[in-house]
file target-v7.cif (mmCIF, C-alpha atoms and all ligand atoms)
data_input
#
loop_
_atom_site.label_atom_id
_atom_site.label_comp_id
_atom_site.auth_asym_id
_atom_site.auth_seq_id
_atom_site.Cartn_x
_atom_site.Cartn_y
_atom_site.Cartn_z
CA MET H 870 -120.49 -159.83 98.79
CA ASP H 871 -121.98 -163.34 98.61
CA CYS H 872 -125.61 -162.23 99.10
CA GLU H 873 -127.78 -159.67 97.34
CA PRO H 874 -127.39 -156.16 98.79
CA LEU H 875 -130.18 -155.07 101.11
CA HIS H 876 -132.33 -151.97 100.94
CA LEU H 877 -132.68 -150.71 104.49
CA VAL H 878 -134.66 -147.84 106.00
CA LEU H 879 -132.79 -146.43 109.01
CA VAL H 880 -134.77 -144.36 111.51
CA SER H 881 -132.85 -141.84 113.59
CA THR H 882 -133.49 -140.75 117.15
CA PRO H 883 -136.32 -138.19 117.60
CA ILE H 884 -134.05 -136.11 119.85
CA GLY H 885 -132.13 -133.48 117.93
CA ALA H 886 -131.01 -133.31 114.33
CA LEU H 887 -128.09 -135.53 113.33
CA GLY H 888 -124.98 -133.46 113.89
CA SER H 889 -126.42 -131.47 116.82
CA GLY H 890 -124.89 -133.72 119.50
CA ARG H 891 -128.22 -133.87 121.35
CA GLY H 892 -128.76 -137.47 120.34
CA GLY H 893 -125.64 -138.51 122.30
CA GLY H 894 -123.75 -141.61 121.19
CA VAL H 895 -126.57 -142.70 118.86
CA GLU H 896 -125.54 -140.02 116.34
CA LEU H 897 -122.07 -141.45 115.95
CA THR H 898 -123.36 -145.03 115.92
CA LEU H 899 -125.74 -144.20 113.10
CA ALA H 900 -123.12 -142.37 111.06
CA SER H 901 -120.63 -145.25 111.40
CA LEU H 902 -123.23 -147.80 110.47
CA VAL H 903 -124.33 -145.81 107.43
CA ARG H 904 -120.74 -145.69 106.17
CA GLY H 905 -120.12 -149.33 107.00
CA LEU H 906 -123.30 -150.52 105.27
CA LEU H 907 -122.63 -148.34 102.22
CA GLY H 908 -119.16 -149.86 102.07
CA ARG H 909 -120.82 -153.28 101.90
CA GLY H 910 -122.91 -152.21 98.92
CA HIS H 911 -126.32 -151.75 100.57
CA GLN H 912 -128.97 -149.22 99.57
CA LEU H 913 -130.03 -146.96 102.45
CA THR H 914 -132.84 -144.54 103.20
CA LEU H 915 -132.25 -142.52 106.34
CA VAL H 916 -135.28 -140.93 108.03
CA ALA H 917 -134.11 -138.22 110.43
CA PRO H 918 -135.22 -134.96 112.09
CA GLU H 919 -135.26 -131.78 110.05
CA GLY H 920 -131.86 -130.07 109.98
CA SER H 921 -129.98 -133.39 109.99
CA ARG H 922 -126.78 -133.63 108.00
CA SER H 923 -126.20 -136.67 105.84
CA PRO H 924 -123.43 -138.77 107.42
CA GLN H 925 -122.01 -139.60 103.98
CA PRO H 926 -122.67 -138.19 100.52
CA SER H 927 -123.52 -141.20 98.36
CA PRO H 928 -125.89 -142.07 95.52
CA SER H 929 -126.82 -145.15 97.59
CA LEU H 930 -128.00 -143.04 100.54
CA HIS H 931 -131.22 -141.07 100.44
CA LEU H 932 -131.93 -138.72 103.38
CA GLU H 933 -135.58 -137.96 104.23
CA THR H 934 -136.08 -135.32 106.91
CA VAL H 935 -139.20 -134.80 108.99
CA GLY H 936 -140.19 -131.83 111.16
CA GLY H 937 -141.80 -132.01 114.58
CA VAL H 938 -141.38 -131.59 118.30
CA ASP H 939 -138.54 -133.57 119.90
CA GLN H 940 -139.37 -136.58 122.00
CA PRO H 941 -138.49 -136.25 125.72
CA SER H 942 -135.54 -138.52 126.48
CA TRP H 943 -136.00 -141.61 128.67
CA GLN H 944 -132.56 -140.96 130.06
CA HIS H 945 -133.70 -139.19 133.21
CA ALA H 946 -137.17 -140.72 133.50
CA GLU H 947 -138.59 -142.17 136.73
CA HIS H 948 -139.03 -145.94 136.82
CA GLN H 949 -142.83 -145.56 136.79
CA ALA H 950 -142.90 -142.81 134.13
CA PRO H 951 -145.59 -143.18 131.44
CA VAL H 952 -145.03 -142.91 127.71
CA THR H 953 -145.38 -139.29 126.60
CA ILE H 954 -145.69 -138.08 123.04
CA PRO H 955 -145.89 -134.31 122.58
CA ALA H 956 -148.32 -132.59 120.20
CA ASP H 957 -146.78 -132.45 116.71
CA GLY H 958 -144.37 -135.08 117.96
CA LEU H 959 -141.43 -136.03 115.79
CA LEU H 960 -141.51 -139.69 116.81
CA PRO H 961 -144.87 -140.62 115.19
CA ARG H 962 -143.96 -138.55 112.14
CA LEU H 963 -140.64 -140.31 111.68
CA TRP H 964 -142.46 -143.65 111.87
CA ASP H 965 -145.24 -142.55 109.57
CA ARG H 966 -142.60 -141.75 106.93
CA ALA H 967 -140.48 -144.81 107.66
CA LEU H 968 -143.41 -147.23 107.33
CA ALA H 969 -144.44 -145.59 104.05
CA LEU H 970 -140.92 -145.97 102.69
CA ALA H 971 -140.54 -149.50 104.03
CA GLY H 972 -142.75 -150.97 101.30
CA GLU H 973 -139.77 -150.72 98.96
CA ALA H 974 -137.24 -151.95 101.49
CA ASP H 975 -136.09 -155.27 102.98
CA ALA H 976 -136.13 -154.04 106.56
CA VAL H 977 -136.38 -151.01 108.84
CA LEU H 978 -133.70 -150.42 111.45
CA ASN H 979 -134.64 -148.33 114.46
CA PHE H 980 -132.08 -146.33 116.47
CA SER H 981 -134.45 -144.62 118.89
CA TYR H 982 -135.04 -145.84 122.43
CA ASP H 983 -138.80 -145.39 122.38
CA TRP H 984 -141.97 -147.29 123.09
CA LEU H 985 -143.85 -146.61 119.85
CA PRO H 986 -141.58 -148.41 117.34
CA LEU H 987 -141.27 -151.41 119.67
CA TRP H 988 -145.06 -151.58 120.07
CA LEU H 989 -145.57 -151.28 116.31
CA THR H 990 -143.28 -154.20 115.47
CA PRO H 991 -145.62 -157.19 115.87
CA ARG H 992 -148.49 -155.15 114.42
CA VAL H 993 -147.13 -154.18 111.00
CA GLN H 994 -146.14 -156.18 107.93
CA GLN H 995 -142.83 -154.41 107.50
CA PRO H 996 -139.92 -156.11 109.33
CA LEU H 997 -138.73 -153.71 112.03
CA PHE H 998 -135.42 -154.23 113.84
CA HIS H 999 -134.24 -152.37 116.93
CA LEU H 1000 -130.72 -151.58 118.00
CA VAL H 1001 -131.41 -150.83 121.67
CA SER H 1002 -129.23 -147.91 122.71
CA MET H 1003 -129.79 -147.68 126.46
CA VAL H 1004 -130.20 -149.80 129.52
CA SER H 1005 -133.32 -150.28 131.60
CA VAL H 1006 -134.74 -146.95 132.70
CA ALA H 1007 -138.51 -147.20 132.94
CA GLN H 1008 -140.84 -150.11 133.50
CA VAL H 1009 -143.00 -149.41 130.46
CA MET H 1010 -139.96 -149.67 128.18
CA ASP H 1011 -138.70 -152.82 129.94
CA GLN H 1012 -142.09 -154.44 129.41
CA GLN H 1013 -142.20 -153.51 125.76
CA ILE H 1014 -138.72 -154.88 125.14
CA ALA H 1015 -139.57 -158.08 127.02
CA ASP H 1016 -142.87 -158.46 125.10
CA LEU H 1017 -141.14 -158.01 121.77
CA ALA H 1018 -138.39 -160.43 122.76
CA ARG H 1019 -141.04 -163.06 123.54
CA TRP H 1020 -142.69 -162.44 120.17
CA ASP H 1021 -139.44 -162.62 118.19
CA GLN H 1022 -136.18 -161.76 119.90
CA ARG H 1023 -134.37 -161.75 116.57
CA ARG H 1024 -135.71 -158.22 116.07
CA LEU H 1025 -133.60 -156.89 118.95
CA ALA H 1026 -129.86 -156.30 119.23
CA PHE H 1027 -127.81 -154.76 122.01
CA HIS H 1028 -124.38 -153.14 122.21
CA THR H 1029 -122.99 -155.10 125.16
CA GLN H 1030 -123.86 -158.00 127.45
CA ALA H 1031 -123.96 -155.65 130.45
CA GLN H 1032 -126.66 -153.65 128.70
CA ALA H 1033 -128.66 -156.71 127.61
CA ASN H 1034 -128.55 -158.13 131.15
CA ASP H 1035 -130.92 -155.34 132.17
CA PHE H 1036 -133.79 -156.85 130.18
CA ALA H 1037 -135.92 -159.96 130.51
CA LEU H 1038 -134.91 -161.88 127.40
CA PRO H 1039 -135.92 -165.49 126.77
CA ALA H 1040 -132.79 -166.26 124.67
CA PRO H 1041 -129.15 -165.11 124.71
CA ALA H 1042 -128.94 -161.51 123.48
CA ARG H 1043 -127.68 -160.59 120.03
CA LEU H 1044 -124.67 -158.35 120.66
CA VAL H 1045 -123.37 -156.11 117.89
CA GLY H 1046 -121.00 -153.82 119.80
CA ASN H 1047 -120.46 -150.55 117.99
CA GLY H 1048 -118.31 -149.19 115.19
CA PHE H 1049 -116.09 -146.23 114.41
CA ASP H 1050 -114.60 -144.69 111.31
CA LEU H 1051 -110.97 -145.38 112.13
CA GLY H 1052 -109.80 -143.11 109.34
CA ALA H 1053 -111.18 -140.24 111.42
CA TYR H 1054 -109.06 -141.05 114.50
CA SER H 1055 -105.29 -140.63 114.42
CA PHE H 1056 -103.01 -142.62 116.66
CA GLN H 1057 -100.88 -140.37 118.87
CA ALA H 1058 -97.85 -141.98 120.51
CA ARG H 1059 -96.95 -139.38 123.15
CA ALA H 1060 -97.89 -140.55 126.61
CA ASP H 1061 -97.12 -137.49 128.75
CA GLY H 1062 -100.18 -135.35 128.04
CA PRO H 1063 -103.00 -134.17 130.27
CA LEU H 1064 -105.95 -136.10 131.72
CA GLY H 1065 -109.20 -136.10 129.76
CA TRP H 1066 -112.89 -136.80 130.29
CA ALA H 1067 -115.57 -136.79 127.58
CA GLY H 1068 -119.33 -137.19 127.55
CA ARG H 1069 -122.62 -135.45 128.18
CA VAL H 1070 -122.17 -133.38 131.30
CA ALA H 1071 -124.97 -134.97 133.33
CA PRO H 1072 -125.11 -136.78 136.68
CA GLU H 1073 -125.16 -140.33 135.27
CA LYS H 1074 -121.74 -139.68 133.73
CA GLY H 1075 -120.03 -139.04 137.10
CA LEU H 1076 -117.77 -136.16 136.09
CA GLU H 1077 -117.36 -135.22 139.78
CA ASP H 1078 -115.26 -138.36 140.42
CA ALA H 1079 -112.87 -137.62 137.53
CA ALA H 1080 -112.61 -134.02 138.72
CA ALA H 1081 -111.81 -135.26 142.25
CA VAL H 1082 -108.99 -137.43 140.87
CA ALA H 1083 -107.54 -134.52 138.88
CA ALA H 1084 -107.77 -132.29 141.96
CA ALA H 1085 -106.07 -134.92 144.15
CA LEU H 1086 -103.23 -135.19 141.63
CA GLY H 1087 -103.01 -131.38 141.31
CA GLU H 1088 -103.71 -131.62 137.59
CA THR H 1089 -106.07 -130.11 135.07
CA LEU H 1090 -108.87 -132.24 133.61
CA LEU H 1091 -109.84 -131.46 130.04
CA VAL H 1092 -113.59 -131.96 129.53
CA TRP H 1093 -115.37 -132.34 126.19
CA GLY H 1094 -119.11 -132.64 125.70
CA VAL H 1095 -122.51 -131.00 125.79
CA ARG H 1096 -123.32 -129.33 129.14
CA GLU H 1097 -126.67 -131.07 129.28
CA ASP H 1098 -127.31 -130.29 132.95
CA GLU H 1099 -125.99 -126.80 133.65
CA ASP H 1100 -126.65 -126.87 137.44
CA TYR H 1101 -124.80 -130.14 137.70
CA ALA H 1102 -121.86 -128.76 135.67
CA GLN H 1103 -121.60 -125.79 138.02
CA ARG H 1104 -121.80 -127.99 141.12
CA VAL H 1105 -118.99 -130.21 139.84
CA GLU H 1106 -116.82 -127.20 139.08
CA ALA H 1107 -117.48 -125.68 142.50
CA GLY H 1108 -116.46 -128.97 144.17
CA VAL H 1109 -112.82 -128.77 143.04
CA PRO H 1110 -110.15 -126.04 143.17
CA ALA H 1111 -110.63 -123.30 140.56
CA GLY H 1112 -108.99 -124.19 137.27
CA THR H 1113 -109.12 -127.97 137.83
CA ILE H 1114 -111.63 -128.36 135.01
CA GLU H 1115 -110.89 -126.92 131.60
CA TRP H 1116 -114.13 -126.92 129.61
CA ARG H 1117 -113.41 -127.61 125.95
CA GLY H 1118 -117.05 -127.65 124.76
CA PHE H 1119 -118.71 -130.05 122.32
CA LEU H 1120 -116.38 -130.53 119.38
CA PRO H 1121 -116.88 -132.29 116.06
CA THR H 1122 -115.10 -135.66 115.88
CA LYS H 1123 -112.12 -134.29 113.91
CA ALA H 1124 -111.23 -131.74 116.57
CA LEU H 1125 -112.25 -133.98 119.47
CA GLN H 1126 -109.98 -136.84 118.47
CA GLN H 1127 -107.09 -134.47 117.79
CA GLN H 1128 -107.29 -133.06 121.34
CA LEU H 1129 -108.30 -136.31 123.04
CA GLY H 1130 -105.38 -138.13 121.40
CA GLN H 1131 -102.93 -135.87 123.25
CA CYS H 1132 -104.16 -137.13 126.60
CA ARG H 1133 -102.19 -139.58 128.68
CA ALA H 1134 -105.45 -141.14 129.91
CA LEU H 1135 -109.20 -140.85 129.60
CA ILE H 1136 -111.07 -141.14 132.87
CA ASN H 1137 -114.50 -142.73 132.42
CA THR H 1138 -116.78 -142.68 135.43
CA PRO H 1139 -120.29 -143.94 134.62
CA LYS H 1140 -122.74 -143.86 137.51
CA TRP H 1141 -125.30 -145.81 135.50
CA ASN H 1142 -125.09 -149.07 133.64
CA GLU H 1143 -123.68 -147.44 130.47
CA ALA H 1144 -124.96 -149.36 127.42
CA TYR H 1145 -121.69 -149.03 125.53
CA GLY H 1146 -119.50 -145.95 126.01
CA ASN H 1147 -118.47 -144.46 122.69
CA VAL H 1148 -115.93 -142.11 124.20
CA VAL H 1149 -114.01 -145.05 125.67
CA VAL H 1150 -113.45 -146.54 122.23
CA GLU H 1151 -112.74 -143.14 120.65
CA ALA H 1152 -109.95 -142.59 123.18
CA LEU H 1153 -108.56 -146.07 122.55
CA ALA H 1154 -108.65 -145.40 118.79
CA CYS H 1155 -106.28 -142.48 119.36
CA GLY H 1156 -104.00 -144.66 121.51
CA VAL H 1157 -105.24 -143.24 124.80
CA PRO H 1158 -105.59 -145.81 127.60
CA VAL H 1159 -108.75 -145.62 129.68
CA VAL H 1160 -109.25 -145.73 133.42
CA ALA H 1161 -112.86 -146.68 134.02
CA TYR H 1162 -115.30 -147.95 136.57
CA ASN H 1163 -115.97 -151.62 136.01
CA ARG H 1164 -119.63 -150.99 135.28
CA GLY H 1165 -121.71 -151.39 132.14
CA GLY H 1166 -120.21 -151.26 128.65
CA PRO H 1167 -116.83 -149.77 129.62
CA GLY H 1168 -116.24 -152.86 131.80
CA GLU H 1169 -116.42 -154.97 128.63
CA LEU H 1170 -114.56 -152.58 126.34
CA VAL H 1171 -111.43 -151.99 128.41
CA GLN H 1172 -109.01 -154.91 128.62
CA HIS H 1173 -107.73 -154.57 132.15
CA GLY H 1174 -103.94 -154.24 132.23
CA ARG H 1175 -103.63 -153.96 128.44
CA THR H 1176 -105.71 -151.09 127.09
CA GLY H 1177 -106.58 -149.54 130.43
CA LEU H 1178 -107.45 -150.24 134.03
CA LEU H 1179 -110.82 -151.09 135.52
CA VAL H 1180 -111.57 -150.24 139.12
CA THR H 1181 -114.40 -150.93 141.54
CA PRO H 1182 -117.29 -148.59 140.69
CA ASP H 1183 -117.42 -145.39 142.74
CA ASP H 1184 -114.03 -146.03 144.42
CA VAL H 1185 -112.38 -142.66 143.81
CA ASP H 1186 -109.13 -143.66 145.58
CA ALA H 1187 -108.75 -146.67 143.31
CA LEU H 1188 -109.53 -144.46 140.34
CA ARG H 1189 -106.76 -142.08 141.39
CA GLY H 1190 -104.23 -144.92 141.79
CA ALA H 1191 -105.14 -146.36 138.41
CA THR H 1192 -104.87 -142.94 136.76
CA VAL H 1193 -101.25 -142.72 137.93
CA GLU H 1194 -100.45 -146.26 136.74
CA VAL H 1195 -102.25 -146.32 133.42
CA ALA H 1196 -99.81 -144.17 131.44
CA SER H 1197 -97.29 -147.02 131.47
CA LEU H 1198 -99.50 -149.14 129.16
CA GLU H 1199 -98.52 -149.58 125.51
CA ARG H 1200 -100.63 -147.12 123.53
CA ARG H 1201 -100.48 -149.21 120.33
CA HIS H 1202 -102.45 -151.98 122.06
CA CYS H 1203 -105.34 -149.55 122.50
CA ARG H 1204 -105.54 -148.74 118.82
CA ALA H 1205 -105.08 -152.40 117.83
CA TRP H 1206 -108.07 -153.48 119.96
CA VAL H 1207 -110.33 -150.94 118.21
CA GLU H 1208 -109.12 -151.98 114.76
CA ALA H 1209 -109.94 -155.63 115.51
CA ASN H 1210 -113.21 -155.15 117.38
CA ALA H 1211 -114.87 -151.81 116.76
CA SER H 1212 -114.24 -150.53 113.23
CA GLN H 1213 -117.27 -149.42 111.25
CA GLU H 1214 -116.56 -152.33 108.89
CA VAL H 1215 -116.81 -155.05 111.55
CA PHE H 1216 -119.82 -153.31 113.09
CA ALA H 1217 -121.65 -153.20 109.74
CA GLN H 1218 -120.87 -156.90 109.19
CA ARG H 1219 -122.35 -157.79 112.57
CA VAL H 1220 -125.47 -155.68 111.96
CA GLU H 1221 -125.96 -157.13 108.51
CA ALA H 1222 -125.65 -160.69 109.85
CA TRP H 1223 -128.22 -159.88 112.56
CA ILE H 1224 -130.73 -158.50 110.06
CA ARG H 1225 -130.27 -161.33 107.57
CA ASP H 1226 -130.84 -163.88 110.34
CA GLY H 1227 -133.97 -162.02 111.44
CA LEU H 1228 -135.37 -161.90 107.92
CA VAL H 1229 -135.35 -165.68 107.56
CA ALA H 1230 -138.96 -166.89 107.66
CA ARG H 1231 -139.92 -168.59 110.86
CA ASP H 1232 -142.14 -171.59 111.33
CA GLY H 1233 -144.05 -169.65 114.00
CA SER H 1234 -142.34 -171.49 116.85
CA ILE H 1235 -141.58 -168.30 118.78
CA ALA H 1236 -145.06 -167.18 119.79
N1 LIG P 1301 -118.88 -136.19 121.59
C1 LIG P 1301 -118.53 -135.35 120.57
N2 LIG P 1301 -117.85 -134.21 120.85
C2 LIG P 1301 -117.48 -133.88 122.11
C3 LIG P 1301 -117.82 -134.76 123.17
C4 LIG P 1301 -118.52 -135.93 122.89
O1 LIG P 1301 -118.82 -135.60 119.40
O2 LIG P 1301 -116.88 -132.84 122.30
C5 LIG P 1301 -119.64 -137.41 121.28
C6 LIG P 1301 -118.78 -138.65 121.32
O3 LIG P 1301 -118.12 -138.82 120.10
C7 LIG P 1301 -119.79 -139.76 121.60
C8 LIG P 1301 -120.96 -139.05 122.25
O4 LIG P 1301 -120.67 -137.65 122.23
O5 LIG P 1301 -120.22 -140.37 120.39
C9 LIG P 1301 -121.19 -139.53 123.65
O6 LIG P 1301 -121.56 -140.87 123.56
P1 LIG P 1301 -121.40 -141.91 124.76
O7 LIG P 1301 -121.72 -143.27 124.22
O8 LIG P 1301 -120.06 -141.78 125.39
O9 LIG P 1301 -122.51 -141.44 125.80
P2 LIG P 1301 -124.08 -141.05 125.65
O10 LIG P 1301 -124.11 -139.56 125.48
O11 LIG P 1301 -124.64 -141.77 124.45
O12 LIG P 1301 -124.69 -141.51 126.94
#
call {"tool": "encode", "arguments": {"input": "target-v7.cif", "output": "structure tokens", "more": "lines below"}}
Ligand code: UDP
result
Amino acid sequence: MDCEPLHLVLVSTPIGALGSGRGGGVELTLASLVRGLLGRGHQLTLVAPEGSRSPQPSPSLHLETVGGVDQPSWQHAEHQAPVTIPADGLLPRLWDRALALAGEADAVLNFSYDWLPLWLTPRVQQPLFHLVSMVSVAQVMDQQIADLARWDQRRLAFHTQAQANDFALPAPARLVGNGFDLGAYSFQARADGPLGWAGRVAPEKGLEDAAAVAAALGETLLVWGVREDEDYAQRVEAGVPAGTIEWRGFLPTKALQQQLGQCRALINTPKWNEAYGNVVVEALACGVPVVAYNRGGPGELVQHGRTGLLVTPDDVDALRGATVEVASLERRHCRAWVEANASQEVFAQRVEAWIRDGLVARDGSIA
């Protein structure tokens, strides 16, 4: 490395311990980044909820855990919802610890989609950076992101352009994509397997449309992920012939990629402006082409006609047609795209470049 290694404090999401799956895609993002940054020689302190597992045993990684009550997720919040912090809240405790540790560090990197760390940023000495993990959900968060961007947009990065477009930013957004430990995903060449779907089982993920496609084709749909909304899961199941959905549960990456890699296609059906779409890239890493709605992150991740097919959002007929066609794509192209664009190494490089740029002293021109 040309530059001095950095000492970074990474602050995890205040929803669920790392390894629980409750933090959604952020858990995997954080783990990949930890490994990627360690690989680049940096010193890391990870502040995470009690019960969290260290993503990587290393003398250069110190894990600090903090107890407290989980933060309610913004994911299903109303547009006008206020900021809520429960008694004994984990979020302020994580930040209390992170700010104390930051005195020794070059920068603090936030992974939580929350108001408090954004609000703190212009008010503390320590340089705080935010990898924004979701799209616009509530006005109070939009305002805070816009305010911070006006103060110094270099402190914000986003996964995709589609995600960044949701926010009022004075300058072009810093995009860092995402990264994956490619050693953990094996390429599987066979293209005659079942159809798959993966993600939190919740309305914004649109499982019902993938189930409808499987039903129309008279096939089984394998489904992996946390049943976050149980009523919704039951409604989706009741909407298709019995046996259409085969629930595989929430699996650790090793087992998930092994099963996912056997699929002939992953069907990805976001009903919201998905910020990124980890499962899309995980499927591609195994050689599985993706049929997705052209909406949000997946619309930028899938190369139409090469690594998958993109169809008009919410058009279930088009989704069905594309699901039939997609198996003819060359599975090696899927893996090659991930190796070039979404390895944990390239992700860590992009994040490091972002932080180094943001640490350069300003002349105060961005007020
Ligand atoms: N996932 C998993 N095991 C499963 C199903 C899903 O580990 O059985 C993980 C998957 O690897 C991904 C995350 O759940 O990292 C879902 O992230 P995504 O970005 O697709 O959606 P989010 O939940 O963040 O909205």
call {"tool": "residues_near_point", "arguments": {"input": "target-v7.cif", "point": "(-110.0, -136.3, 117.9)", "cutoff": "10 Å", "atoms": "all atoms listed in the file", "output": "ChimeraX atom specification"}}
result
/H:1053-1056,1120-1131,1151-1152,1154-1155
call {"tool": "write_last_selection", "arguments": {"input": "target-v7.cif", "atoms": "C-alpha atoms", "output": "short mmCIF file (atom, residue, chain, number, x, y, z; two decimals), in the coordinates of the input"}}
result
data_model
loop_
_atom_site.label_atom_id
_atom_site.label_comp_id
_atom_site.auth_asym_id
_atom_site.auth_seq_id
_atom_site.Cartn_x
_atom_site.Cartn_y
_atom_site.Cartn_z
CA ALA H 1053 -111.18 -140.24 111.42
CA TYR H 1054 -109.06 -141.05 114.50
CA SER H 1055 -105.29 -140.63 114.42
CA PHE H 1056 -103.01 -142.62 116.66
CA LEU H 1120 -116.38 -130.53 119.38
CA PRO H 1121 -116.88 -132.29 116.06
CA THR H 1122 -115.10 -135.66 115.88
CA LYS H 1123 -112.12 -134.29 113.91
CA ALA H 1124 -111.23 -131.74 116.57
CA LEU H 1125 -112.25 -133.98 119.47
CA GLN H 1126 -109.98 -136.84 118.47
CA GLN H 1127 -107.09 -134.47 117.79
CA GLN H 1128 -107.29 -133.06 121.34
CA LEU H 1129 -108.30 -136.31 123.04
CA GLY H 1130 -105.38 -138.13 121.40
CA GLN H 1131 -102.93 -135.87 123.25
CA GLU H 1151 -112.74 -143.14 120.65
CA ALA H 1152 -109.95 -142.59 123.18
CA ALA H 1154 -108.65 -145.40 118.79
CA CYS H 1155 -106.28 -142.48 119.36
#
call {"tool": "residues_near_ligand", "arguments": {"input": "target-v7.cif", "ligand": "ligand LIG 1301 (chain P)", "cutoff": "7 Å", "atoms": "all atoms listed in the file", "output": "PDB file with C-alpha atoms, in the coordinates of the input"}}
result
ATOM      1  CA  GLY H 890    -124.890-133.720 119.500  1.00  0.00           C
ATOM      2  CA  GLY H 893    -125.640-138.510 122.300  1.00  0.00           C
ATOM      3  CA  GLY H 894    -123.750-141.610 121.190  1.00  0.00           C
ATOM      4  CA  VAL H 895    -126.570-142.700 118.860  1.00  0.00           C
ATOM      5  CA  GLU H 896    -125.540-140.020 116.340  1.00  0.00           C
ATOM      6  CA  LEU H 897    -122.070-141.450 115.950  1.00  0.00           C
ATOM      7  CA  ALA H1067    -115.570-136.790 127.580  1.00  0.00           C
ATOM      8  CA  GLY H1068    -119.330-137.190 127.550  1.00  0.00           C
ATOM      9  CA  ARG H1069    -122.620-135.450 128.180  1.00  0.00           C
ATOM     10  CA  TRP H1093    -115.370-132.340 126.190  1.00  0.00           C
ATOM     11  CA  GLY H1094    -119.110-132.640 125.700  1.00  0.00           C
ATOM     12  CA  VAL H1095    -122.510-131.000 125.790  1.00  0.00           C
ATOM     13  CA  GLY H1118    -117.050-127.650 124.760  1.00  0.00           C
ATOM     14  CA  PHE H1119    -118.710-130.050 122.320  1.00  0.00           C
ATOM     15  CA  LEU H1120    -116.380-130.530 119.380  1.00  0.00           C
ATOM     16  CA  PRO H1121    -116.880-132.290 116.060  1.00  0.00           C
ATOM     17  CA  THR H1122    -115.100-135.660 115.880  1.00  0.00           C
ATOM     18  CA  LEU H1125    -112.250-133.980 119.470  1.00  0.00           C
ATOM     19  CA  GLU H1143    -123.680-147.440 130.470  1.00  0.00           C
ATOM     20  CA  TYR H1145    -121.690-149.030 125.530  1.00  0.00           C
ATOM     21  CA  GLY H1146    -119.500-145.950 126.010  1.00  0.00           C
ATOM     22  CA  ASN H1147    -118.470-144.460 122.690  1.00  0.00           C
ATOM     23  CA  VAL H1148    -115.930-142.110 124.200  1.00  0.00           C
ATOM     24  CA  VAL H1149    -114.010-145.050 125.670  1.00  0.00           C
ATOM     25  CA  GLU H1151    -112.740-143.140 120.650  1.00  0.00           C
TER      26      GLU H1151
END
call {"tool": "residues_around", "arguments": {"input": "target-v7.cif", "residues": "Gln1022 in chain H", "least_positions_apart": "6", "cutoff": "10 Å", "atoms": "all atoms listed in the file", "output": "ChimeraX atom specification"}}
result
/H:998,1014-1016,1038-1043,1227,1235
call {"tool": "atom_distance", "arguments": {"input": "target-v7.cif", "atom1": "CA of Glu933 in chain H", "atom2": "CA of Val916 in chain H"}}
result
4.8 Å
call {"tool": "atom_distance", "arguments": {"input": "target-v7.cif", "atom1": "CA of Val938 in chain H", "atom2": "CA of Pro955 in chain H"}}
result
6.8 Å
call {"tool": "residues_near_point", "arguments": {"input": "target-v7.cif", "point": "(-127.9, -149.3, 144.7)", "cutoff": "12 Å", "atoms": "only C-alpha atoms", "output": "ChimeraX atom specification"}}
result
/H:1140-1142,1182-1183
call {"tool": "write_last_selection", "arguments": {"input": "target-v7.cif", "atoms": "C-alpha atoms", "output": "short mmCIF file (atom, residue, chain, number, x, y, z; two decimals), in the frame of the given file"}}
result
data_model
loop_
_atom_site.label_atom_id
_atom_site.label_comp_id
_atom_site.auth_asym_id
_atom_site.auth_seq_id
_atom_site.Cartn_x
_atom_site.Cartn_y
_atom_site.Cartn_z
CA LYS H 1140 -122.74 -143.86 137.51
CA TRP H 1141 -125.30 -145.81 135.50
CA ASN H 1142 -125.09 -149.07 133.64
CA PRO H 1182 -117.29 -148.59 140.69
CA ASP H 1183 -117.42 -145.39 142.74
#
call {"tool": "closest_residue", "arguments": {"input": "target-v7.cif", "among": "H:Ala1222, H:Ala1060, H:Ala1031, H:Ala1026", "to": "Gly1168 in chain H", "atoms": "all atoms listed in the file"}}
result
H:Ala1031
call {"tool": "closest_residue", "arguments": {"input": "target-v7.cif", "among": "H:Trp1223, H:Ala1209, H:Asp1011, H:Gly958", "to": "Leu1025 in chain H", "atoms": "only C-alpha atoms"}}
result
H:Trp1223
call {"tool": "closest_residue", "arguments": {"input": "target-v7.cif", "among": "H:Val935, H:Leu997, H:Val1185, H:Leu899", "to": "Ala1083 in chain H", "atoms": "all atoms listed in the file"}}
result
H:Val1185
call {"tool": "atom_distance", "arguments": {"input": "target-v7.cif", "atom1": "CA of Met1010 in chain H", "atom2": "CA of Val952 in chain H"}}
result
8.5 Å
call {"tool": "residues_around", "arguments": {"input": "target-v7.cif", "residues": "range 1071-1079 of chain H", "least_positions_apart": "4", "cutoff": "9 Å", "atoms": "only C-alpha atoms", "output": "PyMOL selection string"}}
result
chain H and resi 945+1065-1067+1083-1084+1090+1092+1095-1099+1101-1102+1104-1106+1108-1109+1136-1143+1183-1185+1188-1189
call {"tool": "residues_around", "arguments": {"input": "target-v7.cif", "residues": "Leu1086 in chain H", "least_positions_apart": "4", "cutoff": "9 Å", "atoms": "only C-alpha atoms", "output": "ChimeraX atom specification"}}
result
/H:1081-1082,1189,1193
call {"tool": "residues_around", "arguments": {"input": "target-v7.cif", "residues": "Gly1062 in chain H", "least_positions_apart": "3", "cutoff": "8 Å", "atoms": "only C-alpha atoms", "output": "ChimeraX atom specification"}}
result
/H:1059,1131-1133
call {"tool": "closest_residue", "arguments": {"input": "target-v7.cif", "among": "H:Ala1007, H:Ala1080, H:Gln1213, H:Gly972", "to": "Val903 in chain H", "atoms": "all atoms listed in the file"}}
result
H:Gln1213
